[in-house]
Amino acid sequence: MEMQYVCPRCGRRYPVEAGRWKCSCGGCLSLDFQAPPLDFEALAASKERSLWRYAQALPLEHGVSRRVCMGEGGTPLIPLGDDAPHVLIKGEYFAPTLSFKDRGAAVLMALAAQLGVTSCVADSSGNAGTAIAAYGARLGMECHIYVPASASEKKIAQIKAHGAHIHPISGSREDTAAAAIRQVEKEGAFYASHIYNPFFHQGTKTYVYELYEQLGGRLPDVLIVPVGNGTLLLGVFRGLEDLRRWGMLEKVPLVLAVQAQNCSPIAQAFASGGDHWQPVPTSPTEAEGIAIAAPARGDEMLAALRAWGGQCITVTEEQILTAREQLARRGIYVETTSAANLAALAQYQHACPNWQKQCIVVPACGAGVKSH
C-alpha cells in the first residue's frame, strides 16, 4: 500500500501531497510508514558519514539525498570531562547550519524536492527557519520564513544570508505560527513546518540510530531531550520504536524531557497526570528555542512520555545561564537554549545517587554563536 498521512485523532488518511499539512478535523498528521530494519554491521563499512547512511529507513525515493545533503548528521559524542567520562555531549552544533534542526530539515526539504515544490513557507524562532532556508537555497526554492520580531538577530541574519524572505511578527511564537499558516492557506504554498509535517521527525529519529551505532549496538541509560514543539523528542521516540520493532532495543533508556520553568506546559501537564496540555502562565525565557506556550503536538508528547516511561524536568533562568557558562569553561560553547539540557543534568545528578554508574547523553543542540 502507498505510504500515507494518517490522523491519529479521527483516523482519516491522505496521500502524501505538497498541499496537505494537517487533517481536515484540525489534527496533526502522522506518517504511516514502517522503516525496514537497518543492518548496522554492514553500515560499519559505509563511507557515508551523514544521516543518509540510514537512507534505507527513511521514507524517500532512492537518490534524492544527493540533491540535498550537506553532511548533516554524523555528529560526535564528546565526554563532558575527566570527572564524568560517562556523561556524553552529542555535538549537534556540528551540523551545517549549527543546529540539530538540520536533521529534520534535510529530510523534509528532500520530500519537497521529490514533490516538485518550488516555493515554501515556514515559521520558527530561528534554528528551524535557518535550516529550511539553507536547504531551500541548496534546492533552488523560494523560502518565506516567519519569525518572532524578538528572535535573535544572529539567527535572522543567518536566514537572510541564505536568500530567504524574512517576515518578522510581533507577539508570541504562536502569533508567528498563525501568520505563517494564514499565508499557507491563502497561497496554497508548501508548509515546510517542523511542527506539523511528520517527515521532519523522520529526520530527527536518526539521532537515535546514530547513538546506537556510536555506542556499539546499545543506547545510553539516560537521554536528556529539550522540549518546545517536540521535534527532537518525537524523533527520539520514533527512533526507539524502530529499534524495538527490529528487535534491537534490549533496554529502554530513561528519556528526560526538559523545559524552561518560565514556559513549561508539557512539564506541568505531565506532573498533574493529565492527558492534555493546558494553557499555563508563561514568562520570557533565555531558552527561546523551547519557549512554546501552545505546542500543537503537546498531547502526542505527553502520551509518548508516559508510554515510554519518560520524565520531565524544569529549569530556572539562573540554572540555564550558569550551565551555559560551566559548559563553555569545558570548551563547549552552546546557545542558551541548549544550556537548559546541562541544567537538567545537574538536577538529575542531585536526584539520582547512582548517576555516576549510568551512561548519560546530553544534546548540544545549537552553537553558542546563535544566541544573543
# chains A, B, ... in the order shown; residues from 1 in each chain; ligands from 1

$ closest_atom_pairs --of "range 164-265 of chain A" --to "range 97-121 of chain A" --cutoff "10 Å" --atoms "only C-alpha atoms" --output "CSV"
residue,atom,partner,partner_atom,distance
A:Ala164,CA,A:Val121,CA,9.9
A:His165,CA,A:Val121,CA,9.5
A:Ala180,CA,A:Val121,CA,6.8
A:Ile181,CA,A:Val121,CA,8.5
A:Gln183,CA,A:Val121,CA,7.8
A:Val184,CA,A:Val121,CA,6.7
A:Glu187,CA,A:Val121,CA,9.8
A:Gly188,CA,A:Cys120,CA,9.6
A:Ala189,CA,A:Cys120,CA,5.8
A:Phe190,CA,A:Cys120,CA,4.7
A:Tyr191,CA,A:Val121,CA,5.1
A:Ala192,CA,A:Val121,CA,5.8
A:Ser193,CA,A:Val121,CA,7.8
A:His194,CA,A:Gly104,CA,7.2
A:Asn197,CA,A:Leu108,CA,7.8
A:Pro198,CA,A:Leu108,CA,8.5
A:Phe199,CA,A:Leu108,CA,5.4
A:Phe200,CA,A:Gly104,CA,4.1
A:His201,CA,A:Gly104,CA,6.0
A:Gln202,CA,A:Gly104,CA,6.7
A:Gly203,CA,A:Gly104,CA,4.0
A:Thr204,CA,A:Gly104,CA,5.2
A:Lys205,CA,A:Arg103,CA,8.5
A:Thr206,CA,A:Arg103,CA,7.6
A:Tyr207,CA,A:Arg103,CA,8.2
A:Thr231,CA,A:Gly104,CA,8.1
A:Leu232,CA,A:Phe100,CA,8.2
A:Gly235,CA,A:Gly104,CA,8.8

$ write_last_selection --atoms "N, CA, C and O atoms" --output "CSV table (one decimal), in the first residue's frame"
chain,number,residue,atom,x,y,z
A,164,ALA,N,16.5,33.8,2.0
A,164,ALA,CA,15.1,33.7,2.3
A,164,ALA,C,14.4,35.0,2.6
A,164,ALA,O,15.1,36.0,2.9
A,165,HIS,N,13.1,35.1,2.4
A,165,HIS,CA,12.3,36.3,2.7
A,165,HIS,C,11.9,36.2,4.2
A,165,HIS,O,11.3,35.3,4.6
A,180,ALA,N,2.1,32.6,9.6
A,180,ALA,CA,2.6,31.7,8.5
A,180,ALA,C,1.4,30.8,8.0
A,180,ALA,O,1.3,30.6,6.8
A,181,ILE,N,0.6,30.3,8.9
A,181,ILE,CA,-0.5,29.4,8.4
A,181,ILE,C,-1.5,30.2,7.6
A,181,ILE,O,-2.0,29.7,6.6
A,183,GLN,N,-0.8,32.6,5.6
A,183,GLN,CA,-0.1,32.7,4.3
A,183,GLN,C,-0.2,31.4,3.5
A,183,GLN,O,-0.5,31.4,2.3
A,184,VAL,N,0.0,30.3,4.2
A,184,VAL,CA,-0.1,29.0,3.6
A,184,VAL,C,-1.5,28.8,3.0
A,184,VAL,O,-1.6,28.3,1.9
A,187,GLU,N,-2.2,31.2,-0.1
A,187,GLU,CA,-1.4,30.9,-1.3
A,187,GLU,C,-1.4,29.5,-1.7
A,187,GLU,O,-1.0,29.1,-2.8
A,188,GLY,N,-1.8,28.6,-0.8
A,188,GLY,CA,-1.7,27.2,-1.1
A,188,GLY,C,-0.2,26.7,-1.2
A,188,GLY,O,0.1,25.7,-1.9
A,189,ALA,N,0.7,27.4,-0.4
A,189,ALA,CA,2.1,27.1,-0.5
A,189,ALA,C,2.4,25.8,0.3
A,189,ALA,O,1.7,25.4,1.1
A,190,PHE,N,3.6,25.2,0.0
A,190,PHE,CA,4.1,24.1,0.7
A,190,PHE,C,4.5,24.6,2.1
A,190,PHE,O,5.3,25.5,2.2
A,191,TYR,N,3.9,24.0,3.2
A,191,TYR,CA,4.2,24.4,4.5
A,191,TYR,C,5.4,23.5,5.1
A,191,TYR,O,5.1,22.4,5.5
A,192,ALA,N,6.6,24.1,5.0
A,192,ALA,CA,7.7,23.3,5.5
A,192,ALA,C,7.8,23.5,7.0
A,192,ALA,O,8.8,24.1,7.6
A,193,SER,N,6.9,22.9,7.7
A,193,SER,CA,6.7,23.1,9.1
A,193,SER,C,7.4,21.9,9.9
A,193,SER,O,7.1,20.8,9.7
A,194,HIS,N,8.3,22.3,10.8
A,194,HIS,CA,9.0,21.3,11.7
A,194,HIS,C,8.0,20.8,12.7
A,194,HIS,O,8.3,19.9,13.4
A,197,ASN,N,4.6,18.8,9.9
A,197,ASN,CA,4.9,17.8,8.9
A,197,ASN,C,5.7,16.6,9.5
A,197,ASN,O,6.8,16.8,10.0
A,198,PRO,N,5.2,15.4,9.5
A,198,PRO,CA,5.8,14.3,10.2
A,198,PRO,C,7.1,13.8,9.5
A,198,PRO,O,7.9,13.1,10.1
A,199,PHE,N,7.4,14.3,8.3
A,199,PHE,CA,8.7,13.9,7.7
A,199,PHE,C,9.8,14.5,8.5
A,199,PHE,O,10.9,14.0,8.4
A,200,PHE,N,9.6,15.6,9.2
A,200,PHE,CA,10.7,16.3,10.0
A,200,PHE,C,11.1,15.3,11.1
A,200,PHE,O,12.3,15.1,11.3
A,201,HIS,N,10.2,14.6,11.7
A,201,HIS,CA,10.6,13.6,12.7
A,201,HIS,C,11.3,12.4,12.1
A,201,HIS,O,12.1,11.7,12.8
A,202,GLN,N,11.1,12.1,10.8
A,202,GLN,CA,11.8,11.1,10.2
A,202,GLN,C,13.3,11.4,10.1
A,202,GLN,O,14.2,10.5,10.1
A,203,GLY,N,13.6,12.7,10.1
A,203,GLY,CA,15.0,13.2,10.1
A,203,GLY,C,15.6,13.1,11.5
A,203,GLY,O,16.7,12.7,11.7
A,204,THR,N,14.8,13.6,12.5
A,204,THR,CA,15.4,13.7,13.8
A,204,THR,C,15.5,12.3,14.5
A,204,THR,O,16.2,12.1,15.4
A,205,LYS,N,14.7,11.3,14.0
A,205,LYS,CA,14.9,10.0,14.5
A,205,LYS,C,16.3,9.4,14.3
A,205,LYS,O,16.7,8.5,15.0
A,206,THR,N,17.0,9.9,13.3
A,206,THR,CA,18.3,9.4,13.0
A,206,THR,C,19.3,9.7,14.2
A,206,THR,O,20.4,9.1,14.3
A,207,TYR,N,18.9,10.6,15.1
A,207,TYR,CA,19.7,10.9,16.3
A,207,TYR,C,19.9,9.6,17.1
A,207,TYR,O,20.9,9.3,17.6
A,231,THR,N,10.2,18.5,18.4
A,231,THR,CA,10.8,17.9,17.1
A,231,THR,C,11.9,16.9,17.4
A,231,THR,O,12.0,15.9,16.7
A,232,LEU,N,12.7,17.1,18.4
A,232,LEU,CA,13.7,16.1,18.8
A,232,LEU,C,13.1,15.0,19.6
A,232,LEU,O,13.3,13.8,19.4
A,235,GLY,N,11.1,12.6,17.5
A,235,GLY,CA,12.0,11.9,16.7
A,235,GLY,C,12.7,10.8,17.5
A,235,GLY,O,12.9,9.7,17.0

$ residues_around --residues "range 350-364 of chain A" --least-positions-apart "4" --cutoff "6 Å" --atoms "only C-alpha atoms" --output "list in words"
His86, Val87, Leu88, Ile89, Lys90, Gly91, Glu92, Pro220, Asp221, Val222, Leu223, Ile224 and Ser338 of chain A

$ write_last_selection --atoms "N, CA and C atoms" --output "tab-separated table (two decimals), in the first residue's frame"
chain	number	residue	atom	x	y	z
A	86	HIS	N	31.40	9.29	31.58
A	86	HIS	CA	30.20	8.57	31.17
A	86	HIS	C	29.07	9.52	30.77
A	87	VAL	N	29.27	10.82	30.98
A	87	VAL	CA	28.32	11.83	30.50
A	87	VAL	C	28.84	12.33	29.16
A	88	LEU	N	28.05	12.12	28.12
A	88	LEU	CA	28.49	12.42	26.75
A	88	LEU	C	27.66	13.54	26.15
A	89	ILE	N	28.34	14.53	25.61
A	89	ILE	CA	27.68	15.64	24.93
A	89	ILE	C	27.59	15.29	23.45
A	90	LYS	N	26.38	15.27	22.92
A	90	LYS	CA	26.19	14.99	21.50
A	90	LYS	C	26.27	16.31	20.74
A	91	GLY	N	27.35	16.50	19.99
A	91	GLY	CA	27.65	17.80	19.38
A	91	GLY	C	26.83	18.10	18.15
A	92	GLU	N	25.54	18.35	18.34
A	92	GLU	CA	24.66	18.65	17.21
A	92	GLU	C	24.98	20.00	16.56
A	220	PRO	N	22.26	4.74	25.51
A	220	PRO	CA	22.61	5.19	26.86
A	220	PRO	C	21.50	4.85	27.86
A	221	ASP	N	21.85	4.93	29.13
A	221	ASP	CA	20.84	4.70	30.17
A	221	ASP	C	19.86	5.87	30.25
A	222	VAL	N	20.37	7.07	29.98
A	222	VAL	CA	19.55	8.28	30.11
A	222	VAL	C	19.75	9.15	28.87
A	223	LEU	N	18.63	9.61	28.30
A	223	LEU	CA	18.64	10.56	27.20
A	223	LEU	C	17.97	11.84	27.67
A	224	ILE	N	18.72	12.92	27.73
A	224	ILE	CA	18.15	14.22	28.07
A	224	ILE	C	17.76	14.92	26.77
A	338	SER	N	20.28	25.40	24.49
A	338	SER	CA	20.97	24.13	24.71
A	338	SER	C	21.47	23.99	26.14

$ atom_distance --atom1 "CA of Ala18 in chain A" --atom2 "CA of Gly74 in chain A"
28.9 Å

$ closest_residue --among "A:Ala339, A:Leu254, A:Leu327, A:Leu77" --to "Leu211 in chain A" --atoms "only C-alpha atoms"
A:Leu77

$ select_by_dssp --residues "range 189-281 of chain A" --states "strand (DSSP E or B)" --output "list in words"
Phe190, Tyr191, Val222, Leu223, Ile224, Val225, Pro226, Leu254, Val255, Leu256, Ala257, Val258, Gln259, Ala260 and Cys263 of chain A

$ select_by_dssp --residues "range 46-200 of chain A" --states "helix (DSSP H, G or I)" --output "MDAnalysis selection string"
chainID A and resid 51:57 65:68 92:94 101:114 127:138 153:161 173:187 199:200

$ closest_atom_pairs --of "range 51-133 of chain A" --to "range 28-45 of chain A" --cutoff "9 Å" --atoms "only C-alpha atoms" --output "CSV"
residue,atom,partner,partner_atom,distance
A:Arg53,CA,A:Leu43,CA,7.3
A:Tyr54,CA,A:Leu38,CA,7.3
A:Gln56,CA,A:Pro36,CA,7.0
A:Ala57,CA,A:Ala35,CA,4.7
A:Leu58,CA,A:Ala35,CA,6.7
A:Pro59,CA,A:Phe33,CA,7.1

$ atom_distance --atom1 "CA of Leu80 in chain A" --atom2 "CA of Ser50 in chain A"
23.5 Å

$ residues_around --residues "Arg297 in chain A" --least-positions-apart "6" --cutoff "8 Å" --atoms "only C-alpha atoms" --output "PyMOL selection string"
chain A and resi 28+195+229-230

$ closest_residue --among "A:Gln268, A:Gly368, A:Thr314, A:Ala128" --to "Gly331 in chain A" --atoms "only C-alpha atoms"
A:Gly368

$ residues_around --residues "Ser24 in chain A" --least-positions-apart "6" --cutoff "10 Å" --atoms "only C-alpha atoms" --output "VMD selection string"
chain A and resid 7 10 12

$ write_last_selection --atoms "N, CA and C atoms" --output "JSON list (two decimals), in the first residue's frame"
[["chain", "number", "residue", "atom", "x", "y", "z"],
["A", 7, "CYS", "N", -4.39, 10.59, 10.39],
["A", 7, "CYS", "CA", -4.72, 11.43, 11.55],
["A", 7, "CYS", "C", -5.02, 10.54, 12.75],
["A", 10, "CYS", "N", -8.84, 11.23, 14.21],
["A", 10, "CYS", "CA", -10.10, 10.78, 13.59],
["A", 10, "CYS", "C", -9.92, 9.59, 12.65],
["A", 12, "ARG", "N", -8.67, 9.58, 9.59],
["A", 12, "ARG", "CA", -8.64, 9.87, 8.15],
["A", 12, "ARG", "C", -7.24, 9.65, 7.60]]

$ closest_residue --among "A:Ala269, A:Arg66, A:Ala304, A:Arg330" --to "Leu240 in chain A" --atoms "only C-alpha atoms"
A:Ala304

$ residues_around --residues "range 142-150 of chain A" --least-positions-apart "6" --cutoff "7 Å" --atoms "only C-alpha atoms" --output "PyMOL selection string"
chain A and resi 118-126+129+133+136+164-173+176+180

$ write_last_selection --atoms "all heavy atoms" --output "compact mmCIF listing (two decimals), in the first residue's frame"
# COMPACT_ATOMS: atom_id res chain seq x y z
N THR A 118 8.53 24.37 -5.51
CA THR A 118 9.46 25.45 -5.89
C THR A 118 9.45 26.61 -4.90
O THR A 118 10.31 27.49 -4.96
CB THR A 118 9.11 26.00 -7.28
OG1 THR A 118 7.75 26.49 -7.28
CG2 THR A 118 9.25 24.91 -8.33
N SER A 119 8.45 26.64 -3.99
CA SER A 119 8.35 27.72 -3.00
C SER A 119 7.75 27.16 -1.72
O SER A 119 6.87 26.28 -1.77
CB SER A 119 7.47 28.85 -3.54
OG SER A 119 7.31 29.88 -2.56
N CYS A 120 8.23 27.64 -0.57
CA CYS A 120 7.71 27.13 0.71
C CYS A 120 7.60 28.23 1.74
O CYS A 120 8.19 29.30 1.60
CB CYS A 120 8.60 26.00 1.23
SG CYS A 120 10.22 26.53 1.82
N VAL A 121 6.83 27.92 2.79
CA VAL A 121 6.64 28.81 3.93
C VAL A 121 6.99 28.04 5.19
O VAL A 121 6.68 26.86 5.30
CB VAL A 121 5.17 29.30 4.01
CG1 VAL A 121 4.92 30.06 5.32
CG2 VAL A 121 4.84 30.19 2.81
N ALA A 122 7.67 28.70 6.13
CA ALA A 122 7.98 28.08 7.42
C ALA A 122 7.90 29.14 8.50
O ALA A 122 8.01 30.34 8.23
CB ALA A 122 9.36 27.44 7.40
N ASP A 123 7.69 28.70 9.73
CA ASP A 123 7.75 29.61 10.88
C ASP A 123 8.68 29.00 11.91
O ASP A 123 8.77 27.78 12.05
CB ASP A 123 6.37 29.86 11.48
CG ASP A 123 5.65 28.58 11.86
OD1 ASP A 123 5.00 27.97 11.00
OD2 ASP A 123 5.73 28.19 13.05
N SER A 124 9.38 29.87 12.64
CA SER A 124 10.43 29.37 13.51
C SER A 124 10.88 30.48 14.46
O SER A 124 10.77 31.66 14.15
CB SER A 124 11.61 28.91 12.65
OG SER A 124 12.79 28.75 13.39
N SER A 125 11.44 30.07 15.61
CA SER A 125 12.09 31.04 16.49
C SER A 125 13.51 31.30 16.02
O SER A 125 14.21 32.15 16.56
CB SER A 125 12.11 30.52 17.93
OG SER A 125 12.86 29.32 18.02
N GLY A 126 13.96 30.56 15.02
CA GLY A 126 15.28 30.81 14.46
C GLY A 126 15.94 29.62 13.81
O GLY A 126 16.23 29.62 12.61
N GLY A 129 13.97 27.73 10.97
CA GLY A 129 13.88 28.62 9.82
C GLY A 129 15.20 28.72 9.08
O GLY A 129 15.24 28.74 7.84
N ALA A 133 15.72 27.48 5.27
CA ALA A 133 16.26 28.45 4.31
C ALA A 133 17.50 27.91 3.63
O ALA A 133 17.68 28.07 2.41
CB ALA A 133 16.57 29.76 5.02
N GLY A 136 16.54 24.97 1.38
CA GLY A 136 15.78 25.53 0.28
C GLY A 136 16.69 26.20 -0.74
O GLY A 136 16.52 26.05 -1.95
N ALA A 164 16.49 33.84 1.95
CA ALA A 164 15.07 33.68 2.28
C ALA A 164 14.42 35.04 2.55
O ALA A 164 15.09 36.00 2.94
CB ALA A 164 14.90 32.77 3.49
N HIS A 165 13.11 35.10 2.36
CA HIS A 165 12.34 36.30 2.69
C HIS A 165 11.94 36.22 4.16
O HIS A 165 11.28 35.27 4.58
CB HIS A 165 11.09 36.39 1.81
CG HIS A 165 11.39 36.39 0.35
ND1 HIS A 165 11.77 37.51 -0.35
CD2 HIS A 165 11.36 35.37 -0.57
CE1 HIS A 165 11.97 37.21 -1.62
NE2 HIS A 165 11.73 35.91 -1.78
N ILE A 166 12.32 37.23 4.94
CA ILE A 166 12.03 37.26 6.37
C ILE A 166 10.73 38.01 6.62
O ILE A 166 10.51 39.10 6.10
CB ILE A 166 13.16 37.96 7.15
CG1 ILE A 166 14.48 37.20 6.97
CG2 ILE A 166 12.80 38.08 8.62
CD1 ILE A 166 14.59 35.95 7.77
N HIS A 167 9.87 37.41 7.47
CA HIS A 167 8.62 38.05 7.86
C HIS A 167 8.59 38.12 9.39
O HIS A 167 8.13 37.18 10.05
CB HIS A 167 7.42 37.26 7.35
CG HIS A 167 7.39 37.10 5.86
ND1 HIS A 167 6.73 37.97 5.02
CD2 HIS A 167 7.97 36.17 5.05
CE1 HIS A 167 6.89 37.59 3.76
NE2 HIS A 167 7.63 36.49 3.75
N PRO A 168 9.07 39.21 9.99
CA PRO A 168 9.05 39.34 11.46
C PRO A 168 7.63 39.63 11.95
O PRO A 168 6.93 40.48 11.38
CB PRO A 168 9.99 40.51 11.74
CG PRO A 168 10.00 41.30 10.47
CD PRO A 168 9.74 40.35 9.35
N ILE A 169 7.21 38.92 12.98
CA ILE A 169 5.85 39.04 13.50
C ILE A 169 5.89 39.47 14.97
O ILE A 169 6.55 38.85 15.79
CB ILE A 169 5.09 37.70 13.38
CG1 ILE A 169 5.09 37.21 11.93
CG2 ILE A 169 3.68 37.83 13.92
CD1 ILE A 169 4.40 38.13 10.95
N SER A 170 5.18 40.53 15.29
CA SER A 170 5.09 40.98 16.68
C SER A 170 4.21 40.02 17.47
O SER A 170 3.24 39.46 16.94
CB SER A 170 4.50 42.39 16.75
OG SER A 170 5.33 43.31 16.06
N GLY A 171 4.56 39.83 18.73
CA GLY A 171 3.76 38.97 19.59
C GLY A 171 4.48 37.68 19.94
O GLY A 171 5.71 37.61 19.91
N SER A 172 3.72 36.66 20.24
CA SER A 172 4.27 35.40 20.73
C SER A 172 4.71 34.49 19.59
O SER A 172 4.47 34.77 18.41
CB SER A 172 3.20 34.67 21.55
OG SER A 172 2.14 34.25 20.72
N ARG A 173 5.35 33.38 19.98
CA ARG A 173 5.72 32.37 19.00
C ARG A 173 4.48 31.81 18.31
O ARG A 173 4.50 31.50 17.11
CB ARG A 173 6.49 31.25 19.71
CG ARG A 173 6.88 30.07 18.82
CD ARG A 173 7.87 30.48 17.75
NE ARG A 173 8.20 29.35 16.89
CZ ARG A 173 7.48 28.95 15.85
NH1 ARG A 173 6.38 29.61 15.51
NH2 ARG A 173 7.85 27.91 15.13
N THR A 176 3.36 34.03 15.55
CA THR A 176 4.20 33.83 14.36
C THR A 176 3.69 32.65 13.54
O THR A 176 3.57 32.73 12.31
CB THR A 176 5.66 33.58 14.78
OG1 THR A 176 6.12 34.69 15.55
CG2 THR A 176 6.56 33.39 13.57
N ALA A 180 2.08 32.55 9.61
CA ALA A 180 2.57 31.66 8.55
C ALA A 180 1.44 30.81 7.99
O ALA A 180 1.33 30.62 6.76
CB ALA A 180 3.69 30.79 9.09

$ residues_around --residues "Ala293 in chain A" --least-positions-apart "3" --cutoff "12 Å" --atoms "only C-alpha atoms" --output "mmCIF file with N, CA and C atoms, in the first residue's frame"
data_model
loop_
_atom_site.group_PDB
_atom_site.id
_atom_site.type_symbol
_atom_site.label_atom_id
_atom_site.label_comp_id
_atom_site.auth_asym_id
_atom_site.auth_seq_id
_atom_site.Cartn_x
_atom_site.Cartn_y
_atom_site.Cartn_z
ATOM 1 N N SER A 172 3.721 36.663 20.236
ATOM 2 C CA SER A 172 4.265 35.397 20.731
ATOM 3 C C SER A 172 4.714 34.490 19.592
ATOM 4 N N ARG A 173 5.351 33.383 19.981
ATOM 5 C CA ARG A 173 5.725 32.368 18.997
ATOM 6 C C ARG A 173 4.476 31.811 18.308
ATOM 7 N N GLU A 174 3.376 31.719 19.045
ATOM 8 C CA GLU A 174 2.116 31.233 18.484
ATOM 9 C C GLU A 174 1.548 32.217 17.459
ATOM 10 N N ASP A 175 1.741 33.517 17.700
ATOM 11 C CA ASP A 175 1.310 34.528 16.730
ATOM 12 C C ASP A 175 2.079 34.375 15.417
ATOM 13 N N ALA A 177 3.380 31.554 14.222
ATOM 14 C CA ALA A 177 2.852 30.373 13.531
ATOM 15 C C ALA A 177 1.525 30.694 12.851
ATOM 16 N N VAL A 227 12.501 20.206 25.138
ATOM 17 C CA VAL A 227 11.136 20.114 24.600
ATOM 18 C C VAL A 227 10.506 21.494 24.460
ATOM 19 N N GLY A 228 10.207 21.837 23.219
ATOM 20 C CA GLY A 228 9.392 23.003 22.915
ATOM 21 C C GLY A 228 8.217 22.505 22.101
ATOM 22 N N ASN A 229 8.437 22.419 20.782
ATOM 23 C CA ASN A 229 7.448 21.798 19.901
ATOM 24 C C ASN A 229 7.634 20.296 19.769
ATOM 25 N N GLN A 259 12.136 21.369 30.046
ATOM 26 C CA GLN A 259 11.516 22.647 29.699
ATOM 27 C C GLN A 259 12.008 23.741 30.631
ATOM 28 N N ALA A 260 11.984 24.970 30.128
ATOM 29 C CA ALA A 260 12.281 26.120 30.983
ATOM 30 C C ALA A 260 11.112 26.318 31.945
ATOM 31 N N GLN A 261 11.425 26.579 33.199
ATOM 32 C CA GLN A 261 10.369 26.779 34.195
ATOM 33 C C GLN A 261 9.432 27.912 33.791
ATOM 34 N N ASN A 262 9.948 28.893 33.074
ATOM 35 C CA ASN A 262 9.134 30.038 32.672
ATOM 36 C C ASN A 262 8.118 29.715 31.572
ATOM 37 N N CYS A 263 8.302 28.582 30.906
ATOM 38 C CA CYS A 263 7.378 28.186 29.829
ATOM 39 C C CYS A 263 7.365 26.664 29.766
ATOM 40 N N SER A 264 6.473 26.053 30.543
ATOM 41 C CA SER A 264 6.547 24.592 30.719
ATOM 42 C C SER A 264 5.181 23.910 30.681
ATOM 43 N N PRO A 265 4.410 24.085 29.611
ATOM 44 C CA PRO A 265 3.081 23.465 29.564
ATOM 45 C C PRO A 265 3.126 21.933 29.584
ATOM 46 N N ILE A 266 4.125 21.329 28.954
ATOM 47 C CA ILE A 266 4.218 19.871 28.930
ATOM 48 C C ILE A 266 4.597 19.340 30.308
ATOM 49 N N ALA A 267 5.590 19.948 30.926
ATOM 50 C CA ALA A 267 6.026 19.501 32.254
ATOM 51 C C ALA A 267 4.913 19.641 33.275
ATOM 52 N N GLN A 268 4.151 20.727 33.200
ATOM 53 C CA GLN A 268 3.082 20.928 34.170
ATOM 54 C C GLN A 268 1.937 19.939 33.952
ATOM 55 N N TRP A 277 -2.395 18.858 27.434
ATOM 56 C CA TRP A 277 -1.748 20.061 27.931
ATOM 57 C C TRP A 277 -2.787 21.176 28.052
ATOM 58 N N GLN A 278 -2.543 22.076 28.957
ATOM 59 C CA GLN A 278 -3.435 23.211 29.177
ATOM 60 C C GLN A 278 -2.638 24.499 29.114
ATOM 61 N N PRO A 279 -3.255 25.588 28.678
ATOM 62 C CA PRO A 279 -2.548 26.873 28.720
ATOM 63 C C PRO A 279 -2.123 27.193 30.151
ATOM 64 N N VAL A 280 -0.889 27.603 30.328
ATOM 65 C CA VAL A 280 -0.369 27.932 31.648
ATOM 66 C C VAL A 280 0.287 29.303 31.582
ATOM 67 N N PRO A 281 0.379 30.000 32.707
ATOM 68 C CA PRO A 281 1.074 31.292 32.710
ATOM 69 C C PRO A 281 2.526 31.112 32.280
ATOM 70 N N THR A 282 3.005 31.984 31.421
ATOM 71 C CA THR A 282 4.385 31.907 30.945
ATOM 72 C C THR A 282 5.070 33.253 31.115
ATOM 73 N N SER A 283 6.389 33.196 31.152
ATOM 74 C CA SER A 283 7.225 34.396 31.227
ATOM 75 C C SER A 283 8.330 34.253 30.194
ATOM 76 N N PRO A 284 8.958 35.344 29.813
ATOM 77 C CA PRO A 284 10.079 35.240 28.868
ATOM 78 C C PRO A 284 11.188 34.349 29.427
ATOM 79 N N THR A 285 11.843 33.637 28.533
ATOM 80 C CA THR A 285 12.951 32.779 28.947
ATOM 81 C C THR A 285 14.123 32.925 27.992
ATOM 82 N N GLU A 288 14.915 30.495 24.283
ATOM 83 C CA GLU A 288 13.879 30.883 23.326
ATOM 84 C C GLU A 288 13.483 29.734 22.402
ATOM 85 N N GLY A 289 14.396 28.822 22.154
ATOM 86 C CA GLY A 289 14.115 27.732 21.238
ATOM 87 C C GLY A 289 13.088 26.739 21.751
ATOM 88 N N ILE A 290 12.851 26.716 23.066
ATOM 89 C CA ILE A 290 11.846 25.814 23.628
ATOM 90 C C ILE A 290 10.731 26.596 24.326
ATOM 91 N N ALA A 296 1.521 22.361 19.390
ATOM 92 C CA ALA A 296 0.489 21.697 18.593
ATOM 93 C C ALA A 296 0.456 20.193 18.830
ATOM 94 N N ARG A 297 1.606 19.605 19.100
ATOM 95 C CA ARG A 297 1.673 18.160 19.340
ATOM 96 C C ARG A 297 1.868 17.850 20.830
ATOM 97 N N GLY A 298 1.382 18.732 21.679
ATOM 98 C CA GLY A 298 1.555 18.561 23.116
ATOM 99 C C GLY A 298 0.975 17.264 23.658
#

$ closest_residue --among "A:Arg138, A:Gly63, A:Cys69, A:Glu300" --to "Tyr196 in chain A" --atoms "only C-alpha atoms"
A:Glu300

$ residues_around --residues "Leu305 in chain A" --least-positions-apart "2" --cutoff "12 Å" --atoms "only C-alpha atoms" --output "ChimeraX atom specification"
/A:225,227,230,233-234,236-238,253-258,266-267,269-271,273,275,298-303,307-312

$ decode --residues "range 184-191 of chain A" --atoms "N, CA and C atoms" --output "mmCIF file, in the first residue's frame"
data_model
loop_
_atom_site.group_PDB
_atom_site.id
_atom_site.type_symbol
_atom_site.label_atom_id
_atom_site.label_comp_id
_atom_site.auth_asym_id
_atom_site.auth_seq_id
_atom_site.Cartn_x
_atom_site.Cartn_y
_atom_site.Cartn_z
ATOM 1 N N VAL A 184 0.027 30.309 4.201
ATOM 2 C CA VAL A 184 -0.059 28.989 3.570
ATOM 3 C C VAL A 184 -1.458 28.756 3.012
ATOM 4 N N GLU A 185 -2.470 29.068 3.813
ATOM 5 C CA GLU A 185 -3.848 28.830 3.385
ATOM 6 C C GLU A 185 -4.278 29.797 2.283
ATOM 7 N N LYS A 186 -3.725 30.992 2.299
ATOM 8 C CA LYS A 186 -4.057 31.976 1.271
ATOM 9 C C LYS A 186 -3.446 31.606 -0.078
ATOM 10 N N GLU A 187 -2.171 31.182 -0.057
ATOM 11 C CA GLU A 187 -1.434 30.934 -1.290
ATOM 12 C C GLU A 187 -1.413 29.463 -1.700
ATOM 13 N N GLY A 188 -1.780 28.566 -0.774
ATOM 14 C CA GLY A 188 -1.674 27.151 -1.071
ATOM 15 C C GLY A 188 -0.238 26.684 -1.163
ATOM 16 N N ALA A 189 0.655 27.365 -0.442
ATOM 17 C CA ALA A 189 2.085 27.068 -0.504
ATOM 18 C C ALA A 189 2.418 25.805 0.275
ATOM 19 N N PHE A 190 3.564 25.233 -0.030
ATOM 20 C CA PHE A 190 4.073 24.094 0.733
ATOM 21 C C PHE A 190 4.490 24.600 2.112
ATOM 22 N N TYR A 191 3.932 23.997 3.160
ATOM 23 C CA TYR A 191 4.228 24.415 4.530
ATOM 24 C C TYR A 191 5.361 23.536 5.058
#
